[in-house]
Amino acid sequence: MSVPKPFVGGNWKCFNNPEQVNALVEALANTEFLSKDQVDVLIAPTSLHLLTVHKQLNNKFLVAAQDVSQFTEGAYTGSISAAGLKSCGVEWTLIGHSERRTCFGESDAVQLEKTKKALENGLNVVFCIGETLSERQSNETMNVLIKQMAVVAELLQKFPERFVIAYEPVWSIGTGVVPTQEQIRDTHLDIRKWLVEQCKENGEGMRILYGGSVKPNNAESIYTIPHVNGFLVGGAALDAAGYAKIVAATAVAKL
Ligand code: PGA
């Protein structure tokens, strides 16, 4: 089985200042990235600027929402529906980011509803999973990750080509602490095994991203790890040149 085409996502989180966004958009437009044939590159701006950024950068990058509503439409104050995103030309969404799970108390059941709505409405999904430090320390990592993925198992089986999985240890997000090469290798291998069990050969081709303190100076060594098919990047995605370097790391040969 050949190595899946790499995928890199940049999550801008809650950075809403228009000057910052405009400057970043301009820098991204003027920075050279690997070609679309080599790698899929996604950016997920804050919803306040999503459509503007989509209009400006849709020809160069995949543009995603950071979250999607579990509801279809109607009286759900503050929500953005999958149908609404799709009708505005947005084709991707993140789902299950640890900040949604933790800061907004979203359960696995909510992730399932969101994923259903996204798929029903033609969106593609970057589905995020990850363990906390205490779960890692008590050897619960794979139990936690499997539980998070299992809620969408049927959907993964039915629509494998619409998913990218992002493994993001919660303790590594925004902390500068990166797991060891062995920890990443073992976890990605176990995720791959589970995906293959569930989705047979489609599980071989599904991209598994690593996320958590990915920077221009560590991306290449992380990408060499088997079954790391790209990255989900937070802080370092706010700098166009650095983000381009992270994307370029996916051109390095796999181990
Ligand atoms: P970070 O965030 O790169 O700033 O650690 C990763 C993420 O939340 O996706």
# chains A, B, ... in the order shown; residues from 1 in each chain; ligands from 1
$ closest_atom_pairs --of "chain A" --to "ligand 1" --cutoff "12 Å" --atoms "only C-alpha atoms and all ligand atoms" --output "tab-separated table"
residue	atom	partner	partner_atom_place_in_ligand_line	distance
A:Val8	CA	ligand 1	9 (O)	10.6
A:Gly9	CA	ligand 1	9 (O)	8.2
A:Gly10	CA	ligand 1	9 (O)	7.3
A:Asn11	CA	ligand 1	9 (O)	5.8
A:Trp12	CA	ligand 1	9 (O)	8.7
A:Lys13	CA	ligand 1	8 (O)	7.8
A:Cys14	CA	ligand 1	8 (O)	11.0
A:Ile43	CA	ligand 1	9 (O)	11.1
A:Ala44	CA	ligand 1	9 (O)	10.1
A:Gln66	CA	ligand 1	9 (O)	10.0
A:Leu94	CA	ligand 1	9 (O)	9.7
A:Ile95	CA	ligand 1	9 (O)	11.2
A:Gly96	CA	ligand 1	9 (O)	10.6
A:His97	CA	ligand 1	8 (O)	7.1
A:Ser98	CA	ligand 1	8 (O)	7.4
A:Glu99	CA	ligand 1	8 (O)	7.5
A:Arg100	CA	ligand 1	8 (O)	10.3
A:Arg101	CA	ligand 1	8 (O)	11.8
A:Val126	CA	ligand 1	9 (O)	10.6
A:Phe127	CA	ligand 1	9 (O)	11.1
A:Cys128	CA	ligand 1	9 (O)	8.5
A:Ile129	CA	ligand 1	9 (O)	10.4
A:Gly130	CA	ligand 1	8 (O)	10.5
A:Ile165	CA	ligand 1	9 (O)	11.9
A:Ala166	CA	ligand 1	9 (O)	8.4
A:Tyr167	CA	ligand 1	9 (O)	9.2
A:Glu168	CA	ligand 1	9 (O)	6.9
A:Pro169	CA	ligand 1	6 (C)	9.1
A:Val170	CA	ligand 1	8 (O)	8.3
A:Trp171	CA	ligand 1	5 (O)	8.9
A:Ser172	CA	ligand 1	5 (O)	6.0
A:Ile173	CA	ligand 1	5 (O)	3.5
A:Gly174	CA	ligand 1	5 (O)	3.5
A:Thr175	CA	ligand 1	5 (O)	6.2
A:Gly176	CA	ligand 1	5 (O)	6.8
A:Val177	CA	ligand 1	5 (O)	8.5
A:Val178	CA	ligand 1	5 (O)	8.8
A:Pro179	CA	ligand 1	5 (O)	11.7
A:Leu209	CA	ligand 1	9 (O)	10.0
A:Tyr210	CA	ligand 1	9 (O)	8.8
A:Gly211	CA	ligand 1	6 (C)	5.2
A:Gly212	CA	ligand 1	5 (O)	3.8
A:Ser213	CA	ligand 1	5 (O)	3.5
A:Val214	CA	ligand 1	3 (O)	5.1
A:Lys215	CA	ligand 1	3 (O)	7.3
A:Pro216	CA	ligand 1	3 (O)	10.7
A:Asn218	CA	ligand 1	3 (O)	11.4
A:Ala219	CA	ligand 1	3 (O)	10.9
A:Phe231	CA	ligand 1	9 (O)	8.5
A:Leu232	CA	ligand 1	9 (O)	5.0
A:Val233	CA	ligand 1	3 (O)	4.1
A:Gly234	CA	ligand 1	2 (O)	3.4
A:Gly235	CA	ligand 1	4 (O)	3.8
A:Ala236	CA	ligand 1	3 (O)	6.0
A:Ala237	CA	ligand 1	3 (O)	7.5
A:Leu238	CA	ligand 1	4 (O)	9.4
A:Asp239	CA	ligand 1	3 (O)	11.7
A:Gly242	CA	ligand 1	3 (O)	11.8
A:Tyr243	CA	ligand 1	3 (O)	10.6
A:Ile246	CA	ligand 1	3 (O)	11.0
$ closest_atom_pairs --of "region 73-115 of chain A" --to "region 147-155 of chain A" --cutoff "9 Å" --atoms "only C-alpha atoms" --output "JSON lines"
{"residue": "A:Gly96", "atom": "CA", "partner": "A:Gln148", "partner_atom": "CA", "distance": 8.9}
{"residue": "A:Asp108", "atom": "CA", "partner": "A:Gln148", "partner_atom": "CA", "distance": 6.4}
{"residue": "A:Ala109", "atom": "CA", "partner": "A:Val151", "partner_atom": "CA", "distance": 7.3}
{"residue": "A:Gln111", "atom": "CA", "partner": "A:Val151", "partner_atom": "CA", "distance": 8.0}
{"residue": "A:Leu112", "atom": "CA", "partner": "A:Val152", "partner_atom": "CA", "distance": 5.9}
{"residue": "A:Thr115", "atom": "CA", "partner": "A:Val152", "partner_atom": "CA", "distance": 7.6}
$ closest_residue --among "A:Leu156, A:Ile146, A:Leu123, A:Ala29" --to "Ile191 (chain A)" --atoms "only C-alpha atoms"
A:Ile146
$ residues_around --residues "region 87-92 of chain A" --least-positions-apart "2" --cutoff "6 Å" --atoms "only C-alpha atoms" --output "list in words"
Ala64, Gly84, Leu85, Leu123, Asn124 and Val125 of chain A
$ closest_residue --among "A:Ala118, A:Thr102, A:Leu24, A:Lys55" --to "Val68 (chain A)" --atoms "only C-alpha atoms"
A:Ala118
$ closest_atom_pairs --of "region 102-184 of chain A" --to "region 222-227 of chain A" --cutoff "9 Å" --atoms "only C-alpha atoms" --output "CSV"
residue,atom,partner,partner_atom,distance
A:Gln181,CA,A:Ile222,CA,7.0
A:Glu182,CA,A:Ile225,CA,8.8
A:Ile184,CA,A:Ile225,CA,7.6
$ write_last_selection --atoms "C-alpha atoms" --output "PDB file, in the first residue's frame"
ATOM      1  CA  GLN A 181       9.019   9.597  18.608  1.00  0.00           C
ATOM      2  CA  GLU A 182       8.156   6.206  20.109  1.00  0.00           C
ATOM      3  CA  ILE A 184       3.832   8.994  18.365  1.00  0.00           C
TER       4      ILE A 184
END
$ residues_around --residues "Val3 (chain A)" --least-positions-apart "3" --cutoff "10 Å" --atoms "only C-alpha atoms" --output "list in words"
Pro6, Glu204, Gly205, Met206, Arg207, Pro226, His227, Val228, Asn229 and Lys254 of chain A
$ write_last_selection --atoms "N, CA, C and O atoms" --output "PDB file, in the first residue's frame"
ATOM      1  N   PRO A   6      -0.116  13.393   1.771  1.00  0.00           N
ATOM      2  CA  PRO A   6      -0.104  14.125   3.043  1.00  0.00           C
ATOM      3  C   PRO A   6      -1.167  15.213   3.121  1.00  0.00           C
ATOM      4  O   PRO A   6      -1.650  15.693   2.085  1.00  0.00           O
ATOM      5  N   GLU A 204      -6.457   1.729   5.405  1.00  0.00           N
ATOM      6  CA  GLU A 204      -5.027   1.886   5.081  1.00  0.00           C
ATOM      7  C   GLU A 204      -4.748   3.263   4.502  1.00  0.00           C
ATOM      8  O   GLU A 204      -3.687   3.832   4.689  1.00  0.00           O
ATOM      9  N   GLY A 205      -5.721   3.758   3.754  1.00  0.00           N
ATOM     10  CA  GLY A 205      -5.488   5.008   3.018  1.00  0.00           C
ATOM     11  C   GLY A 205      -5.928   6.246   3.764  1.00  0.00           C
ATOM     12  O   GLY A 205      -5.683   7.367   3.316  1.00  0.00           O
ATOM     13  N   MET A 206      -6.587   6.061   4.916  1.00  0.00           N
ATOM     14  CA  MET A 206      -7.106   7.233   5.640  1.00  0.00           C
ATOM     15  C   MET A 206      -5.947   8.012   6.265  1.00  0.00           C
ATOM     16  O   MET A 206      -5.061   7.409   6.884  1.00  0.00           O
ATOM     17  N   ARG A 207      -5.960   9.325   6.086  1.00  0.00           N
ATOM     18  CA  ARG A 207      -4.863  10.125   6.632  1.00  0.00           C
ATOM     19  C   ARG A 207      -5.005  10.237   8.151  1.00  0.00           C
ATOM     20  O   ARG A 207      -6.090  10.555   8.651  1.00  0.00           O
ATOM     21  N   PRO A 226       6.274   6.393  10.725  1.00  0.00           N
ATOM     22  CA  PRO A 226       5.255   5.682   9.944  1.00  0.00           C
ATOM     23  C   PRO A 226       3.840   5.996  10.439  1.00  0.00           C
ATOM     24  O   PRO A 226       3.615   6.148  11.647  1.00  0.00           O
ATOM     25  N   HIS A 227       2.926   6.102   9.501  1.00  0.00           N
ATOM     26  CA  HIS A 227       1.507   6.385   9.769  1.00  0.00           C
ATOM     27  C   HIS A 227       1.250   7.800  10.280  1.00  0.00           C
ATOM     28  O   HIS A 227       0.144   8.083  10.736  1.00  0.00           O
ATOM     29  N   VAL A 228       2.233   8.653  10.216  1.00  0.00           N
ATOM     30  CA  VAL A 228       1.972  10.091  10.391  1.00  0.00           C
ATOM     31  C   VAL A 228       1.818  10.636   8.968  1.00  0.00           C
ATOM     32  O   VAL A 228       2.776  10.666   8.200  1.00  0.00           O
ATOM     33  N   ASN A 229       0.596  11.006   8.624  1.00  0.00           N
ATOM     34  CA  ASN A 229       0.316  11.425   7.247  1.00  0.00           C
ATOM     35  C   ASN A 229       0.148  12.936   7.108  1.00  0.00           C
ATOM     36  O   ASN A 229      -0.399  13.415   6.111  1.00  0.00           O
ATOM     37  N   LYS A 254       9.560   8.995   3.970  1.00  0.00           N
ATOM     38  CA  LYS A 254       9.069   8.289   5.156  1.00  0.00           C
ATOM     39  C   LYS A 254      10.067   7.204   5.555  1.00  0.00           C
ATOM     40  O   LYS A 254      10.775   6.671   4.726  1.00  0.00           O
TER      41      LYS A 254
END
$ atom_distance --atom1 "CA of Val252 (chain A)" --atom2 "CA of His188 (chain A)"
18.1 Å
$ decode --residues "region 68-202 of chain A" --atoms "C-alpha atoms" --output "JSON list (two decimals), in the first residue's frame"
[["chain", "number", "residue", "atom", "x", "y", "z"],
["A", 68, "VAL", "CA", -20.22, 22.75, 13.04],
["A", 69, "SER", "CA", -23.61, 22.60, 14.70],
["A", 70, "GLN", "CA", -25.19, 19.30, 15.66],
["A", 71, "PHE", "CA", -28.53, 20.82, 14.65],
["A", 72, "THR", "CA", -29.96, 21.09, 11.16],
["A", 73, "GLU", "CA", -31.18, 24.68, 11.25],
["A", 74, "GLY", "CA", -33.63, 26.84, 13.12],
["A", 75, "ALA", "CA", -33.75, 28.28, 16.61],
["A", 76, "TYR", "CA", -30.21, 27.46, 17.75],
["A", 77, "THR", "CA", -28.63, 30.77, 18.71],
["A", 78, "GLY", "CA", -24.94, 30.99, 17.96],
["A", 79, "SER", "CA", -24.78, 27.84, 15.83],
["A", 80, "ILE", "CA", -23.52, 27.48, 12.28],
["A", 81, "SER", "CA", -25.15, 24.62, 10.41],
["A", 82, "ALA", "CA", -23.49, 22.17, 8.04],
["A", 83, "ALA", "CA", -26.03, 23.06, 5.35],
["A", 84, "GLY", "CA", -25.23, 26.74, 5.82],
["A", 85, "LEU", "CA", -21.50, 26.11, 5.45],
["A", 86, "LYS", "CA", -21.98, 24.00, 2.37],
["A", 87, "SER", "CA", -24.28, 26.55, 0.74],
["A", 88, "CYS", "CA", -21.55, 29.19, 1.27],
["A", 89, "GLY", "CA", -19.01, 26.98, -0.47],
["A", 90, "VAL", "CA", -17.21, 25.70, 2.65],
["A", 91, "GLU", "CA", -16.51, 22.00, 2.24],
["A", 92, "TRP", "CA", -14.57, 21.05, 5.36],
["A", 93, "THR", "CA", -15.01, 21.23, 9.10],
["A", 94, "LEU", "CA", -13.03, 20.22, 12.14],
["A", 95, "ILE", "CA", -15.02, 18.14, 14.64],
["A", 96, "GLY", "CA", -14.13, 17.05, 18.15],
["A", 97, "HIS", "CA", -11.17, 19.34, 18.80],
["A", 98, "SER", "CA", -10.16, 18.91, 22.44],
["A", 99, "GLU", "CA", -10.99, 22.56, 23.11],
["A", 100, "ARG", "CA", -14.59, 21.88, 22.01],
["A", 101, "ARG", "CA", -14.69, 18.76, 24.13],
["A", 102, "THR", "CA", -13.18, 20.46, 27.20],
["A", 103, "CYS", "CA", -14.06, 24.17, 27.13],
["A", 104, "PHE", "CA", -17.56, 23.57, 25.76],
["A", 105, "GLY", "CA", -18.27, 20.25, 27.44],
["A", 106, "GLU", "CA", -19.09, 18.46, 24.20],
["A", 107, "SER", "CA", -19.58, 14.72, 24.67],
["A", 108, "ASP", "CA", -18.86, 11.90, 22.25],
["A", 109, "ALA", "CA", -22.60, 11.82, 21.51],
["A", 110, "VAL", "CA", -22.43, 15.44, 20.37],
["A", 111, "GLN", "CA", -19.45, 14.64, 18.12],
["A", 112, "LEU", "CA", -21.53, 11.91, 16.51],
["A", 113, "GLU", "CA", -24.44, 14.26, 15.81],
["A", 114, "LYS", "CA", -22.10, 16.88, 14.39],
["A", 115, "THR", "CA", -20.38, 14.33, 12.19],
["A", 116, "LYS", "CA", -23.71, 13.03, 10.90],
["A", 117, "LYS", "CA", -24.85, 16.53, 10.03],
["A", 118, "ALA", "CA", -21.56, 17.33, 8.32],
["A", 119, "LEU", "CA", -21.64, 14.21, 6.18],
["A", 120, "GLU", "CA", -25.35, 14.47, 5.34],
["A", 121, "ASN", "CA", -24.68, 17.94, 4.03],
["A", 122, "GLY", "CA", -21.67, 17.05, 1.95],
["A", 123, "LEU", "CA", -18.89, 18.32, 4.20],
["A", 124, "ASN", "CA", -15.58, 16.54, 4.76],
["A", 125, "VAL", "CA", -14.43, 16.09, 8.34],
["A", 126, "VAL", "CA", -11.15, 16.40, 10.21],
["A", 127, "PHE", "CA", -12.11, 14.31, 13.23],
["A", 128, "CYS", "CA", -9.95, 15.07, 16.28],
["A", 129, "ILE", "CA", -9.11, 12.66, 19.07],
["A", 130, "GLY", "CA", -6.66, 12.77, 21.95],
["A", 131, "GLU", "CA", -5.94, 11.70, 25.50],
["A", 132, "THR", "CA", -5.22, 13.86, 28.55],
["A", 133, "LEU", "CA", -1.94, 13.58, 30.44],
["A", 134, "SER", "CA", -3.50, 11.61, 33.28],
["A", 135, "GLU", "CA", -5.05, 9.19, 30.77],
["A", 136, "ARG", "CA", -1.64, 8.74, 29.15],
["A", 137, "GLN", "CA", 0.02, 8.22, 32.52],
["A", 138, "SER", "CA", -2.49, 5.58, 33.52],
["A", 139, "ASN", "CA", -2.00, 3.69, 30.22],
["A", 140, "GLU", "CA", -5.50, 4.54, 29.04],
["A", 141, "THR", "CA", -4.45, 6.21, 25.79],
["A", 142, "MET", "CA", -5.73, 3.65, 23.30],
["A", 143, "ASN", "CA", -8.92, 2.98, 25.27],
["A", 144, "VAL", "CA", -9.68, 6.68, 25.17],
["A", 145, "LEU", "CA", -8.85, 7.09, 21.48],
["A", 146, "ILE", "CA", -10.83, 4.02, 20.45],
["A", 147, "LYS", "CA", -13.82, 5.20, 22.47],
["A", 148, "GLN", "CA", -13.66, 8.59, 20.71],
["A", 149, "MET", "CA", -13.37, 7.00, 17.26],
["A", 150, "ALA", "CA", -15.88, 4.23, 17.92],
["A", 151, "VAL", "CA", -18.78, 6.67, 18.10],
["A", 152, "VAL", "CA", -18.28, 7.41, 14.41],
["A", 153, "ALA", "CA", -17.20, 3.88, 13.38],
["A", 154, "GLU", "CA", -20.22, 3.28, 11.15],
["A", 155, "LEU", "CA", -19.72, 6.59, 9.42],
["A", 156, "LEU", "CA", -16.02, 5.88, 8.92],
["A", 157, "GLN", "CA", -16.96, 2.58, 7.29],
["A", 158, "LYS", "CA", -19.58, 4.19, 5.08],
["A", 159, "PHE", "CA", -17.74, 7.37, 4.06],
["A", 160, "PRO", "CA", -14.01, 6.66, 4.52],
["A", 161, "GLU", "CA", -12.95, 9.15, 1.85],
["A", 162, "ARG", "CA", -14.67, 12.00, 3.68],
["A", 163, "PHE", "CA", -12.58, 11.68, 6.85],
["A", 164, "VAL", "CA", -9.16, 12.71, 8.05],
["A", 165, "ILE", "CA", -8.25, 11.66, 11.61],
["A", 166, "ALA", "CA", -6.24, 14.08, 13.75],
["A", 167, "TYR", "CA", -4.51, 12.57, 16.76],
["A", 168, "GLU", "CA", -3.76, 15.38, 19.20],
["A", 169, "PRO", "CA", -2.58, 14.52, 22.72],
["A", 170, "VAL", "CA", -4.34, 17.13, 24.86],
["A", 171, "TRP", "CA", -1.19, 17.63, 26.93],
["A", 172, "SER", "CA", 0.75, 18.62, 23.85],
["A", 173, "ILE", "CA", -1.67, 21.21, 22.47],
["A", 174, "GLY", "CA", -0.26, 24.70, 22.92],
["A", 175, "THR", "CA", 2.25, 23.54, 25.55],
["A", 176, "GLY", "CA", 5.44, 23.05, 23.55],
["A", 177, "VAL", "CA", 5.59, 19.52, 24.95],
["A", 178, "VAL", "CA", 5.81, 16.95, 22.18],
["A", 179, "PRO", "CA", 5.48, 13.20, 22.76],
["A", 180, "THR", "CA", 8.56, 11.07, 22.08],
["A", 181, "GLN", "CA", 9.02, 9.60, 18.61],
["A", 182, "GLU", "CA", 8.16, 6.21, 20.11],
["A", 183, "GLN", "CA", 4.95, 7.48, 21.67],
["A", 184, "ILE", "CA", 3.83, 8.99, 18.37],
["A", 185, "ARG", "CA", 4.90, 5.89, 16.43],
["A", 186, "ASP", "CA", 3.09, 3.46, 18.73],
["A", 187, "THR", "CA", -0.08, 5.54, 18.92],
["A", 188, "HIS", "CA", -0.32, 6.14, 15.17],
["A", 189, "LEU", "CA", 0.30, 2.45, 14.52],
["A", 190, "ASP", "CA", -2.48, 1.48, 16.95],
["A", 191, "ILE", "CA", -4.86, 4.00, 15.38],
["A", 192, "ARG", "CA", -4.01, 2.59, 11.94],
["A", 193, "LYS", "CA", -4.68, -0.97, 13.15],
["A", 194, "TRP", "CA", -8.06, 0.06, 14.51],
["A", 195, "LEU", "CA", -8.97, 1.89, 11.30],
["A", 196, "VAL", "CA", -8.03, -1.15, 9.21],
["A", 197, "GLU", "CA", -10.09, -3.41, 11.48],
["A", 198, "GLN", "CA", -13.05, -1.13, 10.98],
["A", 199, "CYS", "CA", -12.66, -0.06, 7.36],
["A", 200, "LYS", "CA", -10.50, -2.79, 5.80],
["A", 201, "GLU", "CA", -8.40, -1.43, 2.91],
["A", 202, "ASN", "CA", -10.02, 2.00, 3.21]]
